[in-house]
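Source file: start_32.pdb; contents: PDB, C-alpha atoms.
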```
MODEL        1
ATOM      1  CA  MET A   1     119.132  96.273 162.880  1.00  0.00           C
ATOM      2  CA  THR A   2     122.321  97.018 161.019  1.00  0.00           C
ATOM      3  CA  ALA A   3     122.159  97.874 157.344  1.00  0.00           C
ATOM      4  CA  GLN A   4     124.482  99.342 154.747  1.00  0.00           C
ATOM      5  CA  ILE A   5     123.880 101.804 151.952  1.00  0.00           C
ATOM      6  CA  ARG A   6     125.646 102.240 148.668  1.00  0.00           C
ATOM      7  CA  ILE A   7     125.184 104.255 145.522  1.00  0.00           C
ATOM      8  CA  ASP A   8     125.728 102.524 142.194  1.00  0.00           C
ATOM      9  CA  PRO A   9     127.773 105.010 140.126  1.00  0.00           C
ATOM     10  CA  THR A  10     126.681 103.414 136.863  1.00  0.00           C
ATOM     11  CA  LEU A  11     123.012 104.153 137.631  1.00  0.00           C
ATOM     12  CA  CYS A  12     123.359 107.526 139.370  1.00  0.00           C
ATOM     13  CA  ARG A  13     122.414 110.477 137.163  1.00  0.00           C
ATOM     14  CA  GLY A  14     122.987 113.239 139.705  1.00  0.00           C
ATOM     15  CA  HIS A  15     119.391 114.075 140.675  1.00  0.00           C
ATOM     16  CA  ALA A  16     120.574 114.518 144.313  1.00  0.00           C
ATOM     17  CA  ILE A  17     117.288 113.262 145.744  1.00  0.00           C
ATOM     18  CA  CYS A  18     119.185 110.894 148.041  1.00  0.00           C
ATOM     19  CA  ALA A  19     120.964 113.853 149.615  1.00  0.00           C
ATOM     20  CA  LEU A  20     117.626 115.587 150.220  1.00  0.00           C
ATOM     21  CA  PHE A  21     116.166 112.582 152.031  1.00  0.00           C
ATOM     22  CA  PHE A  22     119.297 111.383 153.841  1.00  0.00           C
ATOM     23  CA  SER A  23     121.803 114.228 154.059  1.00  0.00           C
ATOM     24  CA  ASP A  24     123.519 112.754 157.132  1.00  0.00           C
ATOM     25  CA  ALA A  25     124.927 109.827 155.159  1.00  0.00           C
ATOM     26  CA  VAL A  26     125.143 111.155 151.600  1.00  0.00           C
ATOM     27  CA  ASP A  27     127.454 113.834 150.241  1.00  0.00           C
ATOM     28  CA  LEU A  28     127.424 115.294 146.757  1.00  0.00           C
ATOM     29  CA  ASP A  29     130.473 115.683 144.584  1.00  0.00           C
ATOM     30  CA  GLN A  30     131.141 118.797 142.523  1.00  0.00           C
ATOM     31  CA  TRP A  31     128.826 117.585 139.723  1.00  0.00           C
ATOM     32  CA  GLY A  32     125.920 116.672 142.009  1.00  0.00           C
ATOM     33  CA  PHE A  33     126.425 112.910 142.062  1.00  0.00           C
ATOM     34  CA  GLY A  34     125.857 111.217 145.397  1.00  0.00           C
ATOM     35  CA  LYS A  35     128.567 109.474 147.361  1.00  0.00           C
ATOM     36  CA  VAL A  36     128.143 107.631 150.632  1.00  0.00           C
ATOM     37  CA  ALA A  37     129.734 109.334 153.637  1.00  0.00           C
ATOM     38  CA  ALA A  38     128.465 106.918 156.298  1.00  0.00           C
ATOM     39  CA  PRO A  39     127.758 103.469 154.816  1.00  0.00           C
ATOM     40  CA  VAL A  40     126.605 101.726 158.034  1.00  0.00           C
ATOM     41  CA  ILE A  41     123.135 102.396 159.457  1.00  0.00           C
ATOM     42  CA  ASP A  42     122.465 101.475 163.086  1.00  0.00           C
ATOM     43  CA  SER A  43     119.279 103.275 164.113  1.00  0.00           C
ATOM     44  CA  GLU A  44     115.703 102.672 163.002  1.00  0.00           C
ATOM     45  CA  ARG A  45     115.299 106.366 162.194  1.00  0.00           C
ATOM     46  CA  ASP A  46     118.229 106.301 159.798  1.00  0.00           C
ATOM     47  CA  LEU A  47     116.976 103.072 158.267  1.00  0.00           C
ATOM     48  CA  ARG A  48     113.605 104.708 157.534  1.00  0.00           C
ATOM     49  CA  ARG A  49     115.357 107.695 155.983  1.00  0.00           C
ATOM     50  CA  ALA A  50     117.556 105.423 153.863  1.00  0.00           C
ATOM     51  CA  ARG A  51     114.512 103.474 152.656  1.00  0.00           C
ATOM     52  CA  ARG A  52     112.792 106.729 151.709  1.00  0.00           C
ATOM     53  CA  ALA A  53     115.877 107.849 149.794  1.00  0.00           C
ATOM     54  CA  ALA A  54     116.032 104.497 147.990  1.00  0.00           C
ATOM     55  CA  ALA A  55     112.358 104.669 147.083  1.00  0.00           C
ATOM     56  CA  ALA A  56     112.716 108.239 145.806  1.00  0.00           C
ATOM     57  CA  CYS A  57     115.754 107.566 143.611  1.00  0.00           C
ATOM     58  CA  PRO A  58     114.409 107.648 140.039  1.00  0.00           C
ATOM     59  CA  ASN A  59     117.173 105.386 138.675  1.00  0.00           C
ATOM     60  CA  GLY A  60     117.438 102.919 141.557  1.00  0.00           C
ATOM     61  CA  ALA A  61     121.057 103.850 142.228  1.00  0.00           C
ATOM     62  CA  PHE A  62     120.596 104.177 146.000  1.00  0.00           C
ATOM     63  CA  VAL A  63     120.674 100.681 147.523  1.00  0.00           C
ATOM     64  CA  VAL A  64     119.969  99.631 151.120  1.00  0.00           C
ATOM     65  CA  THR A  65     121.399  96.234 152.049  1.00  0.00           C
ATOM     66  CA  GLY A  66     120.438  94.376 155.221  1.00  0.00           C
ATOM     67  CA  ALA A  67     122.823  92.514 157.504  1.00  0.00           C
ATOM     68  CA  ASP A  68     121.930  89.249 155.790  1.00  0.00           C
ATOM     69  CA  GLY A  69     122.729  90.661 152.334  1.00  0.00           C
ATOM     70  CA  SER A  70     119.131  91.186 151.266  1.00  0.00           C
ATOM     71  CA  VAL A  71     118.401  94.311 149.244  1.00  0.00           C
ATOM     72  CA  ASP A  72     115.739  96.668 150.613  1.00  0.00           C
ATOM     73  CA  ASN A  73     114.947  99.546 148.289  1.00  0.00           C
ATOM     74  CA  GLY A  74     111.673 100.672 149.743  1.00  0.00           C
ATOM     75  CA  ALA A  75     109.707  98.192 147.555  1.00  0.00           C
ATOM     76  CA  ARG A  76     109.950 100.329 144.462  1.00  0.00           C
ATOM     77  CA  ARG A  77     111.447  99.653 141.065  1.00  0.00           C
ATOM     78  CA  PRO A  78     113.193 102.308 138.988  1.00  0.00           C
ATOM     79  CA  ARG A  79     110.754 104.296 136.895  1.00  0.00           C
ATOM     80  CA  ARG A  80     111.112 104.559 133.174  1.00  0.00           C
ATOM     81  CA  LEU A  81     110.340 107.900 131.619  1.00  0.00           C
ATOM     82  CA  ARG A  82     107.733 107.960 128.911  1.00  0.00           C
ATOM     83  CA  VAL A  83     108.341 110.188 125.949  1.00  0.00           C
ATOM     84  CA  ARG A  84     105.221 111.676 124.452  1.00  0.00           C
ATOM     85  CA  ALA A  85     104.992 112.837 120.891  1.00  0.00           C
ATOM     86  CA  ALA A  86     104.689 116.575 120.381  1.00  0.00           C
ATOM     87  CA  ARG A  87     101.331 117.770 119.128  1.00  0.00           C
TER      88      ARG A  87
ENDMDL
END
```
Write out the structure in this file as structure tokens.
Amino acid sequence: MTAQIRIDPTLCRGHAICALFFSDAVDLDQWGFGKVAAPVIDSERDLRRARRAAAACPNGAFVVTGADGSVDNGARRPRRLRVRAAR
């Protein structure tokens, strides 16, 4: 299966989790924002790693796209942070 990865720069906040999960295909710039070094995924192992990185991204900036154009982000939506009132 061939898939592609991309990082949406408008959603990326520089958590660098994608680089932890998939360091072979993701580089970090000088501020810690991810950029794709190898956008095409050919092996099943790399596809699993890309799905894990997409699922771990707190803002949903890491996107895995299949050969047919379908988006596969590890079946997880971006989390919203809850702010609790101080006691």
task: Evaluate the PyMOL selection byres ((chain A and resi 12-18) around 6) and record the selected residues as a VMD selection string, following the chain and residue labels used in the document.
output: chain A and resid 9 to 11 19 to 22 32 to 33 53 61
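Across A:Val71, A:Arg84, A:Val64, A:Ile7, the tightest approach to Ile41 in chain A is made by A:Val64 when counting all atoms listed in the file.
As for CA of Asp27 in chain A and CA of Asp8 in chain A, they are spaced 14.0 Å apart.
Distances from A:Leu47, A:Ala86, A:Ala25, A:Ile5 to Phe62 in chain A were compared using all atoms listed in the file, and the smallest one belongs to A:Ile5.
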query: Any idea what's packed within 10 Å of Ala67 in chain A, counting only C-alpha atoms, ignoring anything in its chain fewer than 5 positions away? Could you give it as a ChimeraX atom specification?
result: /A:1-4,40
- prompt: Do you have the CA of Arg6 in chain A-CA of Val63 in chain A distance handy?
  reply: 5.3 Å
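Picture a line from CA of Asp24 in chain A to CA of Ala38 in chain A; it runs 7.7 Å.
Remark: for Pro39 in chain A, the closest of the candidate residues A:Gly60, A:Asp68, A:Val26, A:Arg52 is A:Val26 (distances computed over only C-alpha atoms).
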